[in-house]
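Source file: data-v8.tsv (TSV, C-alpha atoms and all ligand atoms)
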chain	number	residue	atom	x	y	z
A	1	MET	CA	-22.13	-0.62	-36.17
A	2	ASP	CA	-21.38	-3.38	-38.71
A	3	LYS	CA	-21.09	-6.68	-36.79
A	4	THR	CA	-17.73	-7.48	-38.36
A	5	GLU	CA	-16.33	-4.10	-37.33
A	6	LYS	CA	-14.05	-4.28	-34.30
A	7	LYS	CA	-15.18	-2.21	-31.35
A	8	LYS	CA	-12.93	0.72	-30.49
A	9	ARG	CA	-11.27	0.72	-27.10
A	10	VAL	CA	-11.89	3.04	-24.16
A	11	LEU	CA	-9.46	3.25	-21.25
A	12	SER	CA	-9.49	5.27	-18.08
A	13	GLY	CA	-8.39	5.07	-14.48
A	14	ILE	CA	-8.55	6.65	-11.05
A	15	GLN	CA	-5.91	6.57	-8.37
A	16	PRO	CA	-7.00	5.07	-5.07
A	17	SER	CA	-6.24	8.10	-2.95
A	18	GLY	CA	-8.86	9.80	-0.78
A	19	HIS	CA	-12.61	9.26	-1.13
A	20	LEU	CA	-14.16	8.88	-4.57
A	21	CYS	CA	-16.31	11.95	-4.92
A	22	ILE	CA	-18.99	13.49	-7.11
A	23	SER	CA	-16.40	15.33	-9.23
A	24	ASN	CA	-14.83	12.00	-10.23
A	25	HIS	CA	-18.30	10.67	-10.91
A	26	ILE	CA	-19.51	13.63	-12.97
A	27	GLY	CA	-16.18	14.27	-14.72
A	28	ALA	CA	-15.30	10.69	-15.56
A	29	MET	CA	-17.27	7.73	-14.22
A	30	LYS	CA	-20.69	8.69	-15.57
A	31	ASN	CA	-19.14	8.62	-19.03
A	32	TRP	CA	-17.41	5.33	-18.31
A	33	VAL	CA	-20.81	3.75	-17.72
A	34	LYS	CA	-22.32	5.29	-20.86
A	35	LEU	CA	-19.48	4.15	-23.12
A	36	GLN	CA	-19.67	0.47	-22.13
A	37	ASP	CA	-22.12	-0.61	-24.82
A	38	GLU	CA	-20.42	0.97	-27.78
A	39	TYR	CA	-16.78	0.36	-26.83
A	40	GLU	CA	-14.54	-2.29	-25.42
A	41	CYS	CA	-13.68	-0.69	-22.07
A	42	VAL	CA	-10.80	-1.09	-19.65
A	43	TYR	CA	-11.13	0.68	-16.30
A	44	LEU	CA	-8.07	0.79	-14.08
A	45	ILE	CA	-7.46	1.31	-10.40
A	46	VAL	CA	-4.09	3.02	-10.80
A	47	ASP	CA	-2.52	1.93	-7.53
A	48	LEU	CA	1.05	2.56	-8.74
A	49	HIS	CA	0.11	6.19	-9.38
A	50	SER	CA	-1.24	6.51	-5.85
A	51	LEU	CA	2.21	5.65	-4.43
A	52	THR	CA	3.44	9.05	-5.58
A	53	VAL	CA	1.91	10.49	-2.39
A	54	ASN	CA	2.33	8.99	1.09
A	55	GLN	CA	0.04	6.03	1.72
A	56	ASN	CA	-0.72	3.89	4.73
A	57	PRO	CA	-0.27	0.32	3.35
A	58	SER	CA	-3.28	-1.34	4.99
A	59	GLU	CA	-5.55	1.61	4.21
A	60	LEU	CA	-4.38	1.59	0.60
A	61	ARG	CA	-5.21	-2.11	0.23
A	62	GLN	CA	-8.69	-1.60	1.72
A	63	ARG	CA	-9.29	1.47	-0.42
A	64	CYS	CA	-8.48	-0.45	-3.60
A	65	TYR	CA	-11.23	-2.95	-2.79
A	66	SER	CA	-13.56	-0.13	-1.89
A	67	TYR	CA	-12.89	1.59	-5.24
A	68	ILE	CA	-13.56	-1.62	-7.15
A	69	ALA	CA	-16.87	-2.01	-5.32
A	70	GLN	CA	-17.70	1.63	-6.08
A	71	TYR	CA	-16.88	1.17	-9.78
A	72	LEU	CA	-19.34	-1.72	-9.84
A	73	ALA	CA	-21.95	0.12	-7.78
A	74	CYS	CA	-21.80	3.08	-10.18
A	75	GLY	CA	-22.70	0.77	-13.05
A	76	ILE	CA	-19.46	-0.59	-14.45
A	77	ASN	CA	-20.56	-4.00	-15.67
A	78	PRO	CA	-17.83	-6.65	-15.46
A	79	ASP	CA	-19.53	-8.65	-18.22
A	80	LYS	CA	-18.92	-5.74	-20.56
A	81	SER	CA	-15.82	-4.01	-19.20
A	82	LEU	CA	-12.51	-5.05	-17.72
A	83	ILE	CA	-11.76	-3.81	-14.21
A	84	VAL	CA	-8.03	-3.99	-13.69
A	85	VAL	CA	-5.63	-3.16	-10.87
A	86	GLN	CA	-2.66	-1.48	-12.55
A	87	SER	CA	-0.03	-3.30	-10.44
A	88	HIS	CA	-1.45	-6.66	-11.55
A	89	VAL	CA	-0.12	-6.02	-15.04
A	90	PRO	CA	3.69	-5.61	-14.92
A	91	ALA	CA	3.75	-4.28	-18.49
A	92	HIS	CA	2.59	-0.86	-17.20
A	93	ALA	CA	5.87	-0.36	-15.36
A	94	GLU	CA	7.88	-1.91	-18.19
A	95	LEU	CA	6.49	0.31	-20.92
A	96	THR	CA	6.92	3.32	-18.64
A	97	TRP	CA	10.66	2.75	-18.67
A	98	VAL	CA	10.76	2.76	-22.46
A	99	LEU	CA	8.58	5.88	-22.66
A	100	ASN	CA	10.80	7.58	-20.06
A	101	THR	CA	13.61	7.37	-22.60
A	102	ILE	CA	11.67	9.38	-25.19
A	103	THR	CA	10.20	11.96	-22.79
A	104	TYR	CA	11.93	15.35	-22.48
A	105	LEU	CA	12.47	16.93	-19.07
A	106	GLY	CA	11.00	20.14	-20.47
A	107	GLU	CA	7.71	18.35	-21.16
A	108	LEU	CA	7.42	17.13	-17.56
A	109	ASN	CA	8.48	20.51	-16.18
A	110	ARG	CA	5.44	22.05	-17.87
A	111	MET	CA	2.90	19.69	-16.25
A	112	THR	CA	0.58	21.79	-14.12
A	113	GLN	CA	-0.52	18.89	-11.89
A	114	PHE	CA	3.11	18.27	-10.92
A	115	LYS	CA	3.63	21.98	-10.25
A	116	ASP	CA	0.46	22.16	-8.12
A	117	LYS	CA	1.15	18.96	-6.19
A	118	SER	CA	4.79	19.83	-5.55
A	119	LYS	CA	3.67	23.13	-4.03
A	120	LYS	CA	1.37	21.28	-1.60
A	121	GLU	CA	3.37	18.10	-0.94
A	122	LYS	CA	6.45	17.75	1.25
A	123	ASN	CA	7.29	14.47	-0.43
A	124	ILE	CA	8.30	15.64	-3.92
A	125	ASN	CA	9.55	12.38	-5.38
A	126	LEU	CA	10.63	11.22	-8.80
A	127	GLY	CA	7.42	9.21	-9.19
A	128	LEU	CA	5.35	12.38	-8.90
A	129	TYR	CA	7.47	13.90	-11.65
A	130	THR	CA	7.19	10.98	-14.07
A	131	TYR	CA	3.53	10.31	-13.17
A	132	PRO	CA	2.32	11.45	-16.62
A	133	VAL	CA	4.62	8.93	-18.32
A	134	LEU	CA	3.07	6.08	-16.33
A	135	MET	CA	-0.32	7.41	-17.37
A	136	ALA	CA	0.76	7.44	-21.03
A	137	SER	CA	1.87	3.86	-20.68
A	138	ASP	CA	-1.55	2.89	-19.21
A	139	ILE	CA	-3.24	4.32	-22.25
A	140	LEU	CA	-0.84	3.26	-25.00
A	141	LEU	CA	-0.42	-0.34	-23.78
A	142	TYR	CA	-4.08	-1.02	-24.54
A	143	GLN	CA	-4.11	0.90	-27.83
A	144	ALA	CA	-6.94	3.03	-26.43
A	145	ASP	CA	-8.90	5.16	-28.90
A	146	LEU	CA	-10.78	7.20	-26.32
A	147	VAL	CA	-9.97	8.30	-22.77
A	148	PRO	CA	-12.90	9.61	-20.69
A	149	VAL	CA	-11.49	11.98	-18.04
A	150	GLY	CA	-12.15	15.35	-16.42
A	151	ALA	CA	-10.70	18.55	-17.89
A	152	ASP	CA	-7.73	18.48	-15.48
A	153	GLN	CA	-6.25	15.52	-17.37
A	154	LYS	CA	-6.17	17.24	-20.75
A	155	GLN	CA	-2.50	18.15	-20.50
A	156	HIS	CA	-1.51	14.61	-19.46
A	157	LEU	CA	-3.43	13.23	-22.39
A	158	GLU	CA	-1.69	15.63	-24.72
A	159	LEU	CA	1.63	14.16	-23.54
A	160	SER	CA	0.34	10.62	-24.19
A	161	ARG	CA	-0.55	11.65	-27.73
A	162	ASP	CA	2.85	13.28	-28.25
A	163	LEU	CA	4.72	10.23	-26.97
A	164	ALA	CA	2.67	7.89	-29.16
A	165	HIS	CA	3.33	10.05	-32.17
A	166	ARG	CA	7.04	10.36	-31.33
A	167	PHE	CA	7.48	6.61	-30.99
A	168	ASN	CA	5.50	5.89	-34.15
A	169	THR	CA	7.64	8.34	-36.11
A	170	LYS	CA	10.97	7.18	-34.70
A	171	TYR	CA	10.26	3.46	-35.31
A	172	SER	CA	7.06	2.65	-37.20
A	173	PRO	CA	3.32	2.85	-36.44
A	174	THR	CA	2.85	1.05	-33.12
A	175	PHE	CA	0.53	3.01	-30.87
A	176	THR	CA	-3.01	4.25	-31.45
A	177	ILE	CA	-3.20	8.00	-30.87
A	178	PRO	CA	-5.79	8.41	-28.08
A	179	ASP	CA	-8.48	11.09	-28.03
A	180	PRO	CA	-9.68	12.71	-24.81
A	181	PHE	CA	-13.39	12.48	-23.97
A	182	ILE	CA	-14.21	15.32	-21.59
A	183	PRO	CA	-17.77	16.33	-20.64
A	184	LYS	CA	-18.71	19.74	-22.07
A	185	GLN	CA	-20.34	20.57	-18.80
A	186	GLY	CA	-19.10	19.09	-15.52
A	187	GLY	CA	-15.57	18.49	-16.76
A	188	ARG	CA	-14.34	20.70	-13.95
A	189	ILE	CA	-16.35	20.57	-10.74
A	190	MET	CA	-15.10	23.01	-8.14
A	191	SER	CA	-14.53	22.82	-4.40
A	192	LEU	CA	-17.64	23.63	-2.30
A	193	GLN	CA	-15.76	25.93	0.07
A	194	SER	CA	-13.27	27.45	-2.41
A	195	PRO	CA	-14.97	27.44	-5.80
A	196	ASP	CA	-11.85	28.86	-7.46
A	197	SER	CA	-10.05	25.52	-7.04
A	198	LYS	CA	-11.14	22.12	-8.28
A	199	MET	CA	-12.94	19.59	-6.12
A	200	SER	CA	-10.41	16.94	-5.13
A	201	LYS	CA	-10.97	13.60	-3.45
A	202	SER	CA	-7.78	13.89	-1.37
A	203	ASP	CA	-8.64	17.33	-0.01
A	204	ASP	CA	-7.82	17.61	3.71
A	205	ASN	CA	-11.09	19.45	4.30
A	206	PRO	CA	-14.07	17.08	3.72
A	207	ASN	CA	-16.41	20.07	3.45
A	208	ASN	CA	-14.84	20.79	0.07
A	209	TYR	CA	-16.18	17.64	-1.56
A	210	ILE	CA	-19.10	15.23	-1.50
A	211	ALA	CA	-17.95	11.63	-1.37
A	212	LEU	CA	-19.98	9.01	-3.20
A	213	LEU	CA	-20.43	7.24	0.13
A	214	ASP	CA	-21.37	10.31	2.18
A	215	GLU	CA	-24.53	9.85	4.24
A	216	PRO	CA	-27.62	11.93	3.33
A	217	SER	CA	-27.32	14.13	6.45
A	218	VAL	CA	-23.67	14.86	5.60
A	219	ILE	CA	-24.56	15.73	2.00
A	220	LEU	CA	-27.27	18.14	3.15
A	221	LYS	CA	-24.89	19.79	5.61
A	222	LYS	CA	-22.12	20.18	3.02
A	223	ILE	CA	-24.46	21.69	0.41
A	224	LYS	CA	-25.99	24.07	2.94
A	225	ARG	CA	-22.50	25.24	3.88
A	226	ALA	CA	-21.31	25.57	0.26
A	227	VAL	CA	-19.99	29.04	-0.53
A	228	THR	CA	-22.14	31.17	-2.84
A	229	ASP	CA	-22.24	34.99	-2.93
A	230	SER	CA	-24.15	37.92	-1.53
A	231	ASN	CA	-26.66	38.10	-4.43
A	232	THR	CA	-30.14	36.70	-4.07
A	233	ASP	CA	-31.13	35.56	-7.58
A	234	ILE	CA	-30.26	32.11	-9.00
A	235	LYS	CA	-28.23	32.81	-12.18
A	236	TYR	CA	-25.91	30.58	-14.20
A	237	ASP	CA	-23.09	33.06	-14.44
A	238	GLU	CA	-19.40	32.17	-14.54
A	239	SER	CA	-18.54	35.32	-12.62
A	240	ARG	CA	-20.44	33.85	-9.65
A	241	PRO	CA	-18.30	30.70	-9.28
A	242	GLY	CA	-19.93	29.19	-6.18
A	243	LEU	CA	-23.44	29.20	-7.61
A	244	TYR	CA	-22.21	28.39	-11.13
A	245	ASN	CA	-20.60	25.23	-9.73
A	246	LEU	CA	-23.70	24.20	-7.79
A	247	ILE	CA	-25.85	24.63	-10.91
A	248	ASN	CA	-23.40	22.43	-12.83
A	249	ILE	CA	-23.76	19.73	-10.17
A	250	TYR	CA	-27.55	20.14	-10.20
A	251	SER	CA	-27.57	19.82	-13.97
A	252	ALA	CA	-25.32	16.73	-13.96
A	253	TYR	CA	-27.55	14.83	-11.54
A	254	SER	CA	-30.97	16.05	-12.70
A	255	GLY	CA	-30.27	16.00	-16.44
A	256	GLN	CA	-31.80	19.50	-16.70
A	257	LYS	CA	-30.18	22.32	-18.64
A	258	PRO	CA	-28.71	25.22	-16.60
A	259	SER	CA	-31.07	27.65	-18.34
A	260	ASP	CA	-34.08	25.54	-17.27
A	261	ILE	CA	-32.76	25.40	-13.72
A	262	GLU	CA	-32.43	29.20	-13.71
A	263	ASN	CA	-36.06	29.50	-14.83
A	264	MET	CA	-37.31	27.09	-12.17
A	265	TYR	CA	-35.79	29.23	-9.43
A	266	ILE	CA	-36.94	32.66	-10.50
A	267	GLY	CA	-38.17	34.41	-7.36
A	268	LYS	CA	-36.90	31.63	-5.10
A	269	MET	CA	-34.17	31.72	-2.49
A	270	TYR	CA	-30.73	30.13	-2.25
A	271	SER	CA	-32.03	27.95	0.56
A	272	ASP	CA	-34.77	26.49	-1.73
A	273	PHE	CA	-32.20	25.79	-4.41
A	274	LYS	CA	-29.73	24.22	-1.99
A	275	ASN	CA	-32.34	21.98	-0.33
A	276	ASP	CA	-33.45	20.69	-3.74
A	277	LEU	CA	-29.87	20.21	-4.88
A	278	ALA	CA	-29.03	18.19	-1.76
A	279	GLU	CA	-32.08	16.02	-2.36
A	280	ILE	CA	-31.15	15.42	-5.99
A	281	ILE	CA	-27.61	14.37	-5.02
A	282	ILE	CA	-28.88	12.16	-2.20
A	283	GLU	CA	-31.35	10.44	-4.54
A	284	SER	CA	-28.72	9.95	-7.22
A	285	LEU	CA	-26.20	8.45	-4.81
A	286	GLN	CA	-28.65	6.27	-2.90
A	287	PRO	CA	-28.75	3.37	-5.40
A	288	ILE	CA	-24.95	3.50	-5.65
A	289	GLN	CA	-24.59	3.32	-1.86
A	290	LYS	CA	-27.11	0.49	-1.62
A	291	GLU	CA	-25.35	-1.56	-4.27
A	292	TYR	CA	-21.96	-0.82	-2.71
A	293	SER	CA	-22.99	-2.16	0.67
A	294	LYS	CA	-24.03	-5.43	-0.98
A	295	ILE	CA	-20.72	-6.05	-2.77
A	296	PHE	CA	-18.00	-4.47	-0.67
A	297	ASN	CA	-17.73	-7.35	1.79
A	298	ASP	CA	-17.71	-10.05	-0.86
A	299	LYS	CA	-13.92	-10.16	-1.22
A	300	GLU	CA	-14.05	-13.55	-2.91
A	301	TYR	CA	-16.19	-12.14	-5.71
A	302	LEU	CA	-14.03	-9.04	-6.04
A	303	ASP	CA	-10.84	-11.13	-6.16
A	304	LYS	CA	-12.32	-13.36	-8.85
A	305	LEU	CA	-13.23	-10.35	-10.88
A	306	LEU	CA	-9.74	-8.89	-10.52
A	307	LEU	CA	-8.10	-12.13	-11.56
A	308	ASP	CA	-10.26	-12.24	-14.68
A	309	GLY	CA	-9.44	-8.59	-15.43
A	310	ALA	CA	-5.72	-9.15	-14.88
A	311	ILE	CA	-5.52	-12.21	-17.14
A	312	LYS	CA	-7.29	-10.47	-20.02
A	313	ALA	CA	-5.40	-7.22	-19.53
A	314	ARG	CA	-2.00	-8.97	-19.39
A	315	TYR	CA	-2.74	-10.59	-22.72
A	316	ILE	CA	-3.60	-7.29	-24.44
A	317	ALA	CA	-0.70	-5.46	-22.79
A	318	SER	CA	1.90	-8.11	-23.59
A	319	LYS	CA	1.06	-7.93	-27.29
A	320	THR	CA	1.91	-4.22	-27.31
A	321	LEU	CA	4.98	-4.57	-25.12
A	322	THR	CA	6.42	-7.40	-27.25
A	323	LYS	CA	5.98	-5.25	-30.34
A	324	VAL	CA	7.65	-2.29	-28.63
A	325	TYR	CA	10.63	-4.36	-27.41
A	326	ARG	CA	11.12	-5.79	-30.91
A	327	LYS	CA	10.99	-2.38	-32.56
A	328	ILE	CA	13.52	-0.77	-30.24
A	329	GLY	CA	15.96	-3.65	-30.68
A	330	LEU	CA	15.74	-5.70	-27.49
A	331	VAL	CA	16.67	-9.36	-27.81
A	332	LYS	CA	13.64	-11.66	-28.00
A	333	LYS	CA	12.79	-13.46	-24.74
A	334	ILE	CA	13.45	-17.21	-24.90
A	335	ARG	CA	10.35	-19.04	-23.61
B	1	LIG	P1	-6.63	13.48	-5.88
B	1	LIG	O1	-7.15	14.61	-5.06
B	1	LIG	O2	-6.49	12.18	-5.13
B	1	LIG	O3	-5.45	13.81	-6.73
B	1	LIG	P2	-8.76	13.86	-7.84
B	1	LIG	O4	-10.10	14.08	-7.22
B	1	LIG	O5	-8.08	15.02	-8.46
B	1	LIG	O6	-7.82	13.08	-6.85
B	1	LIG	P3	-8.07	11.88	-9.80
B	1	LIG	O7	-7.79	10.50	-9.28
B	1	LIG	O8	-6.89	12.73	-10.13
B	1	LIG	O9	-9.03	12.70	-8.87
B	1	LIG	O10	-8.99	11.79	-11.07
B	1	LIG	C1	-9.95	10.79	-11.31
B	1	LIG	C2	-10.84	11.24	-12.46
B	1	LIG	O11	-11.71	12.28	-12.02
B	1	LIG	C3	-10.05	11.85	-13.63
B	1	LIG	O12	-10.68	11.49	-14.83
B	1	LIG	C4	-10.16	13.32	-13.40
B	1	LIG	O13	-10.03	14.07	-14.58
B	1	LIG	C5	-11.56	13.43	-12.83
B	1	LIG	N1	-11.65	14.62	-11.98
B	1	LIG	C6	-10.86	14.90	-10.91
B	1	LIG	N2	-11.22	16.07	-10.36
B	1	LIG	C7	-12.25	16.54	-11.11
B	1	LIG	C8	-13.06	17.71	-11.04
B	1	LIG	N3	-12.87	18.61	-10.09
B	1	LIG	N4	-14.04	17.87	-11.95
B	1	LIG	C9	-14.26	16.94	-12.91
B	1	LIG	N5	-13.52	15.82	-13.03
B	1	LIG	C10	-12.54	15.61	-12.15
B	2	LIG	N1	-3.81	10.74	-13.91
B	2	LIG	C1	-5.18	10.38	-13.86
B	2	LIG	C2	-5.39	8.96	-13.46
B	2	LIG	C3	-4.94	8.05	-14.54
B	2	LIG	C4	-5.57	7.86	-15.81
B	2	LIG	C5	-4.77	6.90	-16.47
B	2	LIG	C6	-6.68	8.43	-16.42
B	2	LIG	C7	-3.86	7.24	-14.50
B	2	LIG	N2	-3.75	6.54	-15.66
B	2	LIG	C8	-5.08	6.48	-17.76
B	2	LIG	C9	-6.99	7.99	-17.72
B	2	LIG	C10	-6.19	7.05	-18.37
B	2	LIG	C11	-5.86	11.28	-12.87
B	2	LIG	O1	-7.02	11.42	-12.96
B	2	LIG	N3	-5.19	11.88	-11.97
For this file, produce the structure as structure tokens.
Ligand code: ATP
Ligand code: LTN
Amino acid sequence: MDKTEKKKRVLSGIQPSGHLCISNHIGAMKNWVKLQDEYECVYLIVDLHSLTVNQNPSELRQRCYSYIAQYLACGINPDKSLIVVQSHVPAHAELTWVLNTITYLGELNRMTQFKDKSKKEKNINLGLYTYPVLMASDILLYQADLVPVGADQKQHLELSRDLAHRFNTKYSPTFTIPDPFIPKQGGRIMSLQSPDSKMSKSDDNPNNYIALLDEPSVILKKIKRAVTDSNTDIKYDESRPGLYNLINIYSAYSGQKPSDIENMYIGKMYSDFKNDLAEIIIESLQPIQKEYSKIFNDKEYLDKLLLDGAIKARYIASKTLTKVYRKIGLVKKIR
């Protein structure tokens, strides 16, 4: 890249609900780490989003710190990227209100995540419904060019693009239109016990996911118990969803192609494959867990980092919000 050329911006976020798990890592965070050198990156802990489901206040606060430490342990480098707690930047909520006024009910009614969550949740609140608008505001505030996420966020990102385009057309060019960045393989990691539904960090059954902080013995047990099928050969075949999913996980952590993995296991048994897979996951997560244990208790360091992130993020966000308020006709704030 030409030195005078401005770096493009990457933005992504995860809600602090449940235990960060390998699906979040494979689908999103591994790409976050890779993109840090080429892009200016902003990585959010979207705590306002997490309020759309019931939370225990003290657990939520602890979990936010734990997520920040896990971001760092996974390789997010605070010298290169901003780590920001969404609620530390009021402009997220402010822009959401403006975007609410250009979002159609029909668009939100079509959101599959809302439909899925409202089937499972008793607490179907307005926040859950307008969740995708808050997400659009996260992205558009920072004029993000690229948004690394798992495949489940494609529809939300489409809405962000539509809202940006709608605003730009109604007023004048204001928002960058963001592109999704979804891994070709590993964009949709499935549940270990029910491989027809996606792996989810808030799943009530911990056997369905592997958390980044799971102990080696737990990882081995969960992989051994993972549902496969009654065949005996190791084949990368979408019609065998349990095994297909395990090969995707194997491939993500070993860097080997599914076809090479198939070849390595010709004539071998499921148990051989599963033992190796567990070992590969354990080895990949070990350095993350080691690093995590060093930083998690250093609240002073984490707070300092968050303050730095918040100050820089507020500056970027306020530039966009000021522009938006001017364009829609709000009276300028007297300072
Ligand atoms: P929850 O169960 O709390 O709703 P989740 O596991 O679905 O959580 P999110 O916080 O919604 O995770 O998503 C964090 C990031 O991980 C997003 O980029 C999302 O696309 C990605 N992601 C979530 N689930 C998967 C999955 N099964 N496979 C790949 N990527 C995923
Ligand atoms: N909705 C996302 C989390 C999220 C996000 C964002 C992702 C909130 N704001 C901005 C990318 C960019 C999810 O994964 N459930």
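Each of A:Ile295, A:Ile282, A:Met269, A:Met135 was checked against ligand LIG 2 (chain B) using only C-alpha atoms and all ligand atoms; the smallest atom-to-atom distance is that of A:Met135.
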When the cut-off is 7 Å and you count only C-alpha atoms and all ligand atoms, which residues lie near ligand LIG 2 (chain B), shown as a PyMOL selection string?
chain A and resi 11-15+46+49+132+134-136+138-139+147-149+153
Around ligand LIG 1 (chain B), at most 8 Å away and counting all atoms listed in the file, which residues are there? Put them as a ChimeraX atom specification, please.
/A:12-21,23-29,50,148-154,186-191,198-203
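When all atoms listed in the file are used to compute distances to His88 of chain A, the closest of the residues A:Asp276, A:Glu238, A:Asn168, A:Asp47 turns out to be A:Asp47.
Of the residues under consideration (A:Phe167, A:Phe175, A:Phe114, A:Tyr301), A:Phe167 shows the shortest atom-to-atom contact distance to Val98 of chain A when counting only C-alpha atoms.
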